[in-house]
Amino acid sequence: MTTIVGGIGTSHVPAVGAAIDNGKQDEPYWRPYFDKIQPAREWMAAEQPDVCIIVYNDHASAFSLRLIPTFALGVAAEFQPADEGYGPRQVPAAQGHPELAWHLAESLIGDEFDITIVNEMDVDHGLTVPLSVMYGEPSVWPCRVIPICVNVIQYPPPSGKRCLSLGRAIRRALDSYQGSDADGLRVAVFGTGGMSHQLQGERAGLVNVDFDTAFMDELIAEPDAGCLRPHTEYIREAGSEGIELVMWFVMRGVLDDEVDEVFRMNHVPTSNTSNGLLILQNARAA
Ligand code: DHB
Ligand code: FE
């Protein structure tokens with residue numbers, strides 16, 4: 001059986017990727033952020049997941065308005081960094097895990113989660129920045145990656161409740177995996193996006209740390225209540241892009257009902273976003 005090493009909730013701010021890629025971590029604007037995330041990187045280095053399931057949203061890089069899957073699963077052997085208009089990030093390609101990904105597809109669809117299967121897809125900052133946040137700048141990513149895309153770009157996005165249910169269905173799939181490397185396979189799951197931010201319009205730059213803190217508290221302790229928050233509340237309280245936070249419920253659903261908070265930080269400013277990072281682990285038996 002697989003081992004769930006933990007769940008990671010993290011913003012995926014493109015400027016963080018650019019700061020790393022351009023060697024700006026020691027500049028006064030960036031140093032406080034990178035200092036704060038150092039314990040999370042140490043946790044990741046100690047836990048050494050073999051596979052990271054990264055739940056993120058494609059920002060019209062691989063998909064466009066021509067095709068908008070609500071939930072999509074990458075089953076490829078490799079995912080190249082996407083060109084988002086200024087050339088692809090100079091980060092390693094993500095190596096996939098087709099055997100586990102196809103098991104996820106079979107299990108999810110058998111479980112009435114009719115996910116879109118993606119054989120070929122470039123991955124944008126939504127996926128590559130969280131890897132950089134957790135791993136820094138290795139020459140190859142130290143884990144295999146299974147991307148799961150959630151549409152939060154084009155209305156209507158899925159509900160938080162549906163995202164929590166998807167996470168629970170992914171957990172059932174992980175628990176039933178019997179592939180060639182299943183014994184002791186160490187899996188981490190990322191929910192990315194958020195926290196409060198609005199990139200456009202009159203409220204551009206909106207940050208609501210009180211909301212972000214309450215969101216994290218509820219995600220940990222009362223996910224079945226927190227997931228019922230309507231989309232209008234995300235927009236009102238967390239800005240138009242705050243809806244990305246529903247993806248954290250997929251991560252939460254993979255974990256047990258009882259979890260321990262291993263690490264939490266919130267940092268402002270990084271670009272326009274309240275930048276959050278949360279690590280949860282299944283609660284240890286007392
Ligand atoms: C920013 C945040 C995002 O989540 C995103 O997709 C693009 C930009 C930002 O804060 O600049
Ligand atoms: Fe985003």
# chains A, B, ... in the order shown; residues from 1 in each chain; ligands from 1
call {"tool": "residues_around", "arguments": {"residues": "A:Leu73", "least_positions_apart": "4", "cutoff": "8 Å", "atoms": "only C-alpha atoms", "output": "PyMOL selection string"}}
result
chain A and resi 101+105+115-118+146-149
call {"tool": "write_last_selection", "arguments": {"atoms": "all heavy atoms", "output": "compact mmCIF listing (two decimals), in the first residue's frame"}}
result
# COMPACT_ATOMS: atom_id res chain seq x y z
N ALA A 101 -0.91 6.95 -12.37
CA ALA A 101 -1.90 7.88 -12.94
C ALA A 101 -3.04 7.11 -13.62
O ALA A 101 -4.22 7.48 -13.46
CB ALA A 101 -1.22 8.82 -13.93
N ALA A 105 -7.00 7.05 -12.75
CA ALA A 105 -8.07 7.25 -13.74
C ALA A 105 -9.12 6.14 -13.60
O ALA A 105 -10.33 6.40 -13.53
CB ALA A 105 -7.49 7.28 -15.15
N ILE A 115 -13.21 11.90 -14.67
CA ILE A 115 -12.14 12.87 -14.88
C ILE A 115 -11.67 12.82 -16.34
O ILE A 115 -11.70 11.77 -16.97
CB ILE A 115 -11.00 12.57 -13.88
CG1 ILE A 115 -10.09 13.76 -13.70
CG2 ILE A 115 -10.23 11.31 -14.26
CD1 ILE A 115 -9.36 13.75 -12.36
N THR A 116 -11.23 13.97 -16.85
CA THR A 116 -10.66 14.03 -18.20
C THR A 116 -9.24 13.49 -18.16
O THR A 116 -8.47 13.85 -17.27
CB THR A 116 -10.66 15.50 -18.70
OG1 THR A 116 -12.00 15.97 -18.73
CG2 THR A 116 -10.02 15.63 -20.07
N ILE A 117 -8.89 12.64 -19.12
CA ILE A 117 -7.55 12.05 -19.17
C ILE A 117 -6.70 12.85 -20.16
O ILE A 117 -7.12 13.09 -21.29
CB ILE A 117 -7.63 10.57 -19.59
CG1 ILE A 117 -8.36 9.78 -18.50
CG2 ILE A 117 -6.25 9.99 -19.86
CD1 ILE A 117 -8.78 8.39 -18.91
N VAL A 118 -5.52 13.28 -19.73
CA VAL A 118 -4.67 14.13 -20.57
C VAL A 118 -3.36 13.38 -20.86
O VAL A 118 -2.57 13.11 -19.95
CB VAL A 118 -4.36 15.47 -19.88
CG1 VAL A 118 -3.59 16.38 -20.83
CG2 VAL A 118 -5.63 16.15 -19.42
N ILE A 146 2.27 13.77 -10.65
CA ILE A 146 0.98 13.53 -11.33
C ILE A 146 0.17 14.82 -11.23
O ILE A 146 -0.24 15.21 -10.14
CB ILE A 146 0.22 12.34 -10.71
CG1 ILE A 146 1.05 11.06 -10.87
CG2 ILE A 146 -1.15 12.19 -11.38
CD1 ILE A 146 0.40 9.82 -10.31
N PRO A 147 -0.01 15.51 -12.36
CA PRO A 147 -0.78 16.75 -12.34
C PRO A 147 -2.28 16.47 -12.36
O PRO A 147 -2.74 15.61 -13.12
CB PRO A 147 -0.37 17.46 -13.65
CG PRO A 147 0.63 16.60 -14.33
CD PRO A 147 0.56 15.24 -13.71
N ILE A 148 -3.00 17.19 -11.54
CA ILE A 148 -4.47 17.19 -11.62
C ILE A 148 -4.91 18.64 -11.74
O ILE A 148 -4.64 19.47 -10.86
CB ILE A 148 -5.11 16.52 -10.39
CG1 ILE A 148 -4.72 15.04 -10.37
CG2 ILE A 148 -6.64 16.70 -10.40
CD1 ILE A 148 -5.39 14.22 -9.29
N CYS A 149 -5.55 18.96 -12.86
CA CYS A 149 -5.98 20.34 -13.12
C CYS A 149 -7.44 20.52 -12.72
O CYS A 149 -8.27 19.65 -12.98
CB CYS A 149 -5.89 20.67 -14.62
SG CYS A 149 -4.27 20.52 -15.29
call {"tool": "residues_around", "arguments": {"residues": "stretch 74-79 of chain A", "least_positions_apart": "3", "cutoff": "6 Å", "atoms": "only C-alpha atoms", "output": "list of chain:residue names"}}
result
A:Ala93, A:Ala94, A:Gln95, A:Gly96, A:Pro98, A:Ala101, A:Val118, A:Asn119, A:Asp122, A:Pro147
call {"tool": "residues_around", "arguments": {"residues": "stretch 228-231 of chain A", "least_positions_apart": "6", "cutoff": "9 Å", "atoms": "only C-alpha atoms", "output": "compact mmCIF listing (two decimals) with N, CA, C and O atoms, in the first residue's frame"}}
result
# COMPACT_ATOMS: atom_id res chain seq x y z
N PRO A 157 -16.68 27.32 -11.75
CA PRO A 157 -15.72 26.36 -11.20
C PRO A 157 -16.45 25.35 -10.31
O PRO A 157 -17.58 25.59 -9.88
N SER A 159 -17.47 23.22 -6.93
CA SER A 159 -17.64 23.65 -5.54
C SER A 159 -16.51 23.09 -4.66
O SER A 159 -15.86 22.09 -5.00
N GLY A 160 -16.31 23.73 -3.52
CA GLY A 160 -15.37 23.21 -2.55
C GLY A 160 -15.76 21.80 -2.12
O GLY A 160 -14.90 20.94 -1.89
N LYS A 161 -17.06 21.55 -2.03
CA LYS A 161 -17.53 20.22 -1.60
C LYS A 161 -17.14 19.16 -2.62
O LYS A 161 -16.69 18.07 -2.27
N ILE A 243 -10.71 32.28 -5.49
CA ILE A 243 -11.43 31.01 -5.75
C ILE A 243 -10.45 29.86 -5.98
O ILE A 243 -10.82 28.68 -5.82
call {"tool": "closest_residue", "arguments": {"among": "A:Val152, A:Val13, A:Ala238, A:Val5", "to": "A:Phe211", "atoms": "only C-alpha atoms"}}
result
A:Ala238
call {"tool": "residues_near_ligand", "arguments": {"ligand": "ligand 1", "cutoff": "7 Å", "atoms": "only C-alpha atoms and all ligand atoms", "output": "list in words"}}
result
Ser11, His12, Val13, Pro14, Ala15, His59, Gly126, Gly193, Gly194, His197, Leu199, Glu241, Thr270, Ser271, Asn272 and Thr273 of chain A
call {"tool": "write_last_selection", "arguments": {"atoms": "N, CA, C and O atoms", "output": "JSON list (two decimals), in the first residue's frame"}}
result
[["chain", "number", "residue", "atom", "x", "y", "z"],
["A", 11, "SER", "N", 0.36, 28.77, -2.23],
["A", 11, "SER", "CA", 0.17, 29.70, -3.34],
["A", 11, "SER", "C", 1.12, 29.32, -4.47],
["A", 11, "SER", "O", 2.11, 28.62, -4.25],
["A", 12, "HIS", "N", 0.83, 29.82, -5.68],
["A", 12, "HIS", "CA", 1.71, 29.49, -6.82],
["A", 12, "HIS", "C", 2.08, 30.77, -7.58],
["A", 12, "HIS", "O", 1.99, 30.83, -8.80],
["A", 13, "VAL", "N", 2.51, 31.75, -6.82],
["A", 13, "VAL", "CA", 2.78, 33.09, -7.37],
["A", 13, "VAL", "C", 3.93, 33.05, -8.39],
["A", 13, "VAL", "O", 5.05, 32.67, -8.04],
["A", 14, "PRO", "N", 3.66, 33.43, -9.65],
["A", 14, "PRO", "CA", 4.71, 33.35, -10.66],
["A", 14, "PRO", "C", 5.96, 34.16, -10.32],
["A", 14, "PRO", "O", 7.08, 33.74, -10.67],
["A", 15, "ALA", "N", 5.79, 35.28, -9.61],
["A", 15, "ALA", "CA", 6.96, 36.10, -9.28],
["A", 15, "ALA", "C", 7.93, 35.36, -8.35],
["A", 15, "ALA", "O", 9.13, 35.64, -8.35],
["A", 59, "HIS", "N", -3.52, 28.07, -16.28],
["A", 59, "HIS", "CA", -3.93, 29.46, -16.51],
["A", 59, "HIS", "C", -3.97, 29.74, -18.01],
["A", 59, "HIS", "O", -3.22, 30.59, -18.52],
["A", 126, "GLY", "N", 1.36, 27.31, -12.21],
["A", 126, "GLY", "CA", 0.51, 26.70, -11.18],
["A", 126, "GLY", "C", 1.11, 25.42, -10.63],
["A", 126, "GLY", "O", 0.89, 25.05, -9.47],
["A", 193, "GLY", "N", -2.60, 27.35, -5.28],
["A", 193, "GLY", "CA", -3.40, 28.52, -5.62],
["A", 193, "GLY", "C", -3.70, 29.34, -4.37],
["A", 193, "GLY", "O", -3.35, 28.98, -3.25],
["A", 194, "GLY", "N", -4.39, 30.47, -4.60],
["A", 194, "GLY", "CA", -4.67, 31.36, -3.48],
["A", 194, "GLY", "C", -3.39, 32.07, -3.03],
["A", 194, "GLY", "O", -2.40, 32.04, -3.74],
["A", 197, "HIS", "N", -6.34, 36.95, -3.32],
["A", 197, "HIS", "CA", -5.72, 37.84, -4.31],
["A", 197, "HIS", "C", -6.69, 38.18, -5.42],
["A", 197, "HIS", "O", -7.57, 37.41, -5.77],
["A", 199, "LEU", "N", -6.25, 40.06, -9.25],
["A", 199, "LEU", "CA", -5.24, 40.57, -10.20],
["A", 199, "LEU", "C", -5.80, 41.64, -11.12],
["A", 199, "LEU", "O", -5.07, 42.19, -11.93],
["A", 241, "GLU", "N", -9.48, 36.06, -7.72],
["A", 241, "GLU", "CA", -8.63, 34.88, -7.90],
["A", 241, "GLU", "C", -8.55, 34.03, -6.62],
["A", 241, "GLU", "O", -7.95, 32.96, -6.62],
["A", 270, "THR", "N", 4.15, 39.22, -1.68],
["A", 270, "THR", "CA", 4.83, 38.64, -2.84],
["A", 270, "THR", "C", 3.92, 38.97, -4.00],
["A", 270, "THR", "O", 2.83, 38.44, -4.08],
["A", 271, "SER", "N", 4.31, 39.84, -4.85],
["A", 271, "SER", "CA", 3.45, 40.26, -5.95],
["A", 271, "SER", "C", 2.13, 40.77, -5.38],
["A", 271, "SER", "O", 2.12, 41.50, -4.39],
["A", 272, "ASN", "N", 0.99, 40.31, -5.94],
["A", 272, "ASN", "CA", -0.32, 40.80, -5.52],
["A", 272, "ASN", "C", -1.03, 39.85, -4.58],
["A", 272, "ASN", "O", -2.21, 40.03, -4.31],
["A", 273, "THR", "N", -0.35, 38.84, -4.11],
["A", 273, "THR", "CA", -1.02, 37.72, -3.48],
["A", 273, "THR", "C", -0.62, 37.59, -2.02],
["A", 273, "THR", "O", 0.54, 37.75, -1.67]]
call {"tool": "closest_residue", "arguments": {"among": "A:Leu166, A:Ala225, A:Met247, A:Ala173", "to": "ligand 2", "atoms": "only C-alpha atoms and all ligand atoms"}}
result
A:Met247
call {"tool": "atom_distance", "arguments": {"atom1": "atom CA of A:Ile170", "atom2": "atom CA of A:Glu261"}}
result
21.0 Å
call {"tool": "select_by_dssp", "arguments": {"residues": "stretch 4-185 of chain A", "states": "helix (DSSP H, G or I)", "output": "JSON, numbers by chain"}}
result
{"A": [14, 15, 16, 17, 18, 19, 20, 21, 31, 32, 33, 34, 35, 36, 37, 38, 39, 40, 41, 42, 43, 44, 45, 46, 47, 98, 99, 100, 101, 102, 103, 104, 105, 106, 107, 108, 109, 110, 125, 126, 127, 128, 129, 130, 131, 132, 133, 134, 135, 160, 161, 162, 163, 164, 165, 166, 167, 168, 169, 170, 171, 172, 173, 174, 175]}
call {"tool": "write_last_selection", "arguments": {"atoms": "C-alpha atoms", "output": "compact mmCIF listing (two decimals), in the first residue's frame"}}
result
# COMPACT_ATOMS: atom_id res chain seq x y z
CA PRO A 14 4.71 33.35 -10.66
CA ALA A 15 6.96 36.10 -9.28
CA VAL A 16 8.30 33.59 -6.72
CA GLY A 17 9.42 31.40 -9.62
CA ALA A 18 10.98 34.40 -11.33
CA ALA A 19 12.79 35.40 -8.10
CA ILE A 20 14.31 31.92 -7.88
CA ASP A 21 15.13 31.69 -11.59
CA ARG A 31 14.67 37.30 1.68
CA PRO A 32 11.91 37.34 4.38
CA TYR A 33 9.70 35.06 2.27
CA PHE A 34 12.46 32.56 1.50
CA ASP A 35 13.56 32.54 5.15
CA LYS A 36 10.00 31.74 6.24
CA ILE A 37 9.60 28.75 3.89
CA GLN A 38 12.95 27.15 4.83
CA PRO A 39 11.43 24.78 7.47
CA ALA A 40 8.95 23.53 4.83
CA ARG A 41 11.83 22.71 2.49
CA GLU A 42 13.56 20.85 5.31
CA TRP A 43 10.38 18.85 5.99
CA MET A 44 10.17 17.96 2.28
CA ALA A 45 13.82 16.90 2.17
CA ALA A 46 13.28 14.67 5.20
CA GLU A 47 10.03 13.10 3.97
CA PRO A 98 1.84 6.68 -15.80
CA GLU A 99 1.21 3.45 -13.88
CA LEU A 100 -0.19 5.21 -10.82
CA ALA A 101 -1.90 7.88 -12.94
CA TRP A 102 -3.77 5.26 -14.98
CA HIS A 103 -4.76 3.51 -11.76
CA LEU A 104 -6.10 6.85 -10.50
CA ALA A 105 -8.07 7.25 -13.74
CA GLU A 106 -9.56 3.76 -13.49
CA SER A 107 -10.35 4.07 -9.80
CA LEU A 108 -11.79 7.61 -10.01
CA ILE A 109 -14.00 6.83 -12.98
CA GLY A 110 -15.12 3.58 -11.34
CA HIS A 125 3.45 28.28 -13.02
CA GLY A 126 0.51 26.70 -11.18
CA LEU A 127 2.54 23.46 -11.02
CA THR A 128 6.17 24.50 -11.45
CA VAL A 129 6.20 27.24 -8.80
CA PRO A 130 4.98 24.93 -5.99
CA LEU A 131 7.78 22.50 -6.92
CA SER A 132 10.28 25.36 -6.71
CA VAL A 133 8.80 26.49 -3.39
CA MET A 134 9.29 23.05 -1.86
CA TYR A 135 12.51 21.92 -3.57
CA GLY A 160 -15.37 23.21 -2.55
CA LYS A 161 -17.53 20.22 -1.60
CA ARG A 162 -16.90 18.55 -4.94
CA CYS A 163 -13.17 19.21 -4.54
CA LEU A 164 -13.18 17.62 -1.06
CA SER A 165 -15.03 14.60 -2.51
CA LEU A 166 -12.46 14.34 -5.31
CA GLY A 167 -9.69 14.26 -2.73
CA ARG A 168 -11.45 11.46 -0.85
CA ALA A 169 -11.84 9.52 -4.11
CA ILE A 170 -8.11 10.00 -4.80
CA ARG A 171 -7.40 8.63 -1.31
CA ARG A 172 -9.49 5.51 -2.05
CA ALA A 173 -7.50 5.10 -5.27
CA LEU A 174 -4.18 5.43 -3.44
CA ASP A 175 -5.31 2.91 -0.83
call {"tool": "select_by_dssp", "arguments": {"residues": "stretch 138-274 of chain A", "states": "strand (DSSP E)", "output": "PyMOL selection string"}}
result
chain A and resi 144-150+186-192+259-270+273-274
call {"tool": "closest_residue", "arguments": {"among": "A:Val187, A:Glu202, A:Tyr155, A:Gly9", "to": "A:Val55", "atoms": "only C-alpha atoms"}}
result
A:Gly9
call {"tool": "residues_around", "arguments": {"residues": "stretch 214-220 of chain A", "least_positions_apart": "3", "cutoff": "12 Å", "atoms": "only C-alpha atoms", "output": "JSON, numbers by chain"}}
result
{"A": [7, 8, 9, 10, 160, 161, 164, 191, 194, 195, 196, 208, 209, 210, 211, 223, 224, 225, 226, 227, 228, 229, 233, 234, 237, 238, 242, 243, 245, 246, 247, 248, 249, 250, 251, 252, 253, 255, 256, 257, 258, 259, 260, 261, 262, 263, 264, 265, 266, 276, 277, 278, 279, 280, 281, 282, 283]}
call {"tool": "closest_residue", "arguments": {"among": "A:Val189, A:Ile54, A:Ala60, A:Val207", "to": "ligand 2", "atoms": "only C-alpha atoms and all ligand atoms"}}
result
A:Ala60
call {"tool": "atom_distance", "arguments": {"atom1": "atom CA of A:Ala82", "atom2": "atom CA of A:Arg203"}}
result
28.7 Å
call {"tool": "residues_around", "arguments": {"residues": "A:Ser64", "least_positions_apart": "6", "cutoff": "12 Å", "atoms": "only C-alpha atoms", "output": "list in words"}}
result
Asn57, Asp58, Asn151, Ile153 and Gln154 of chain A
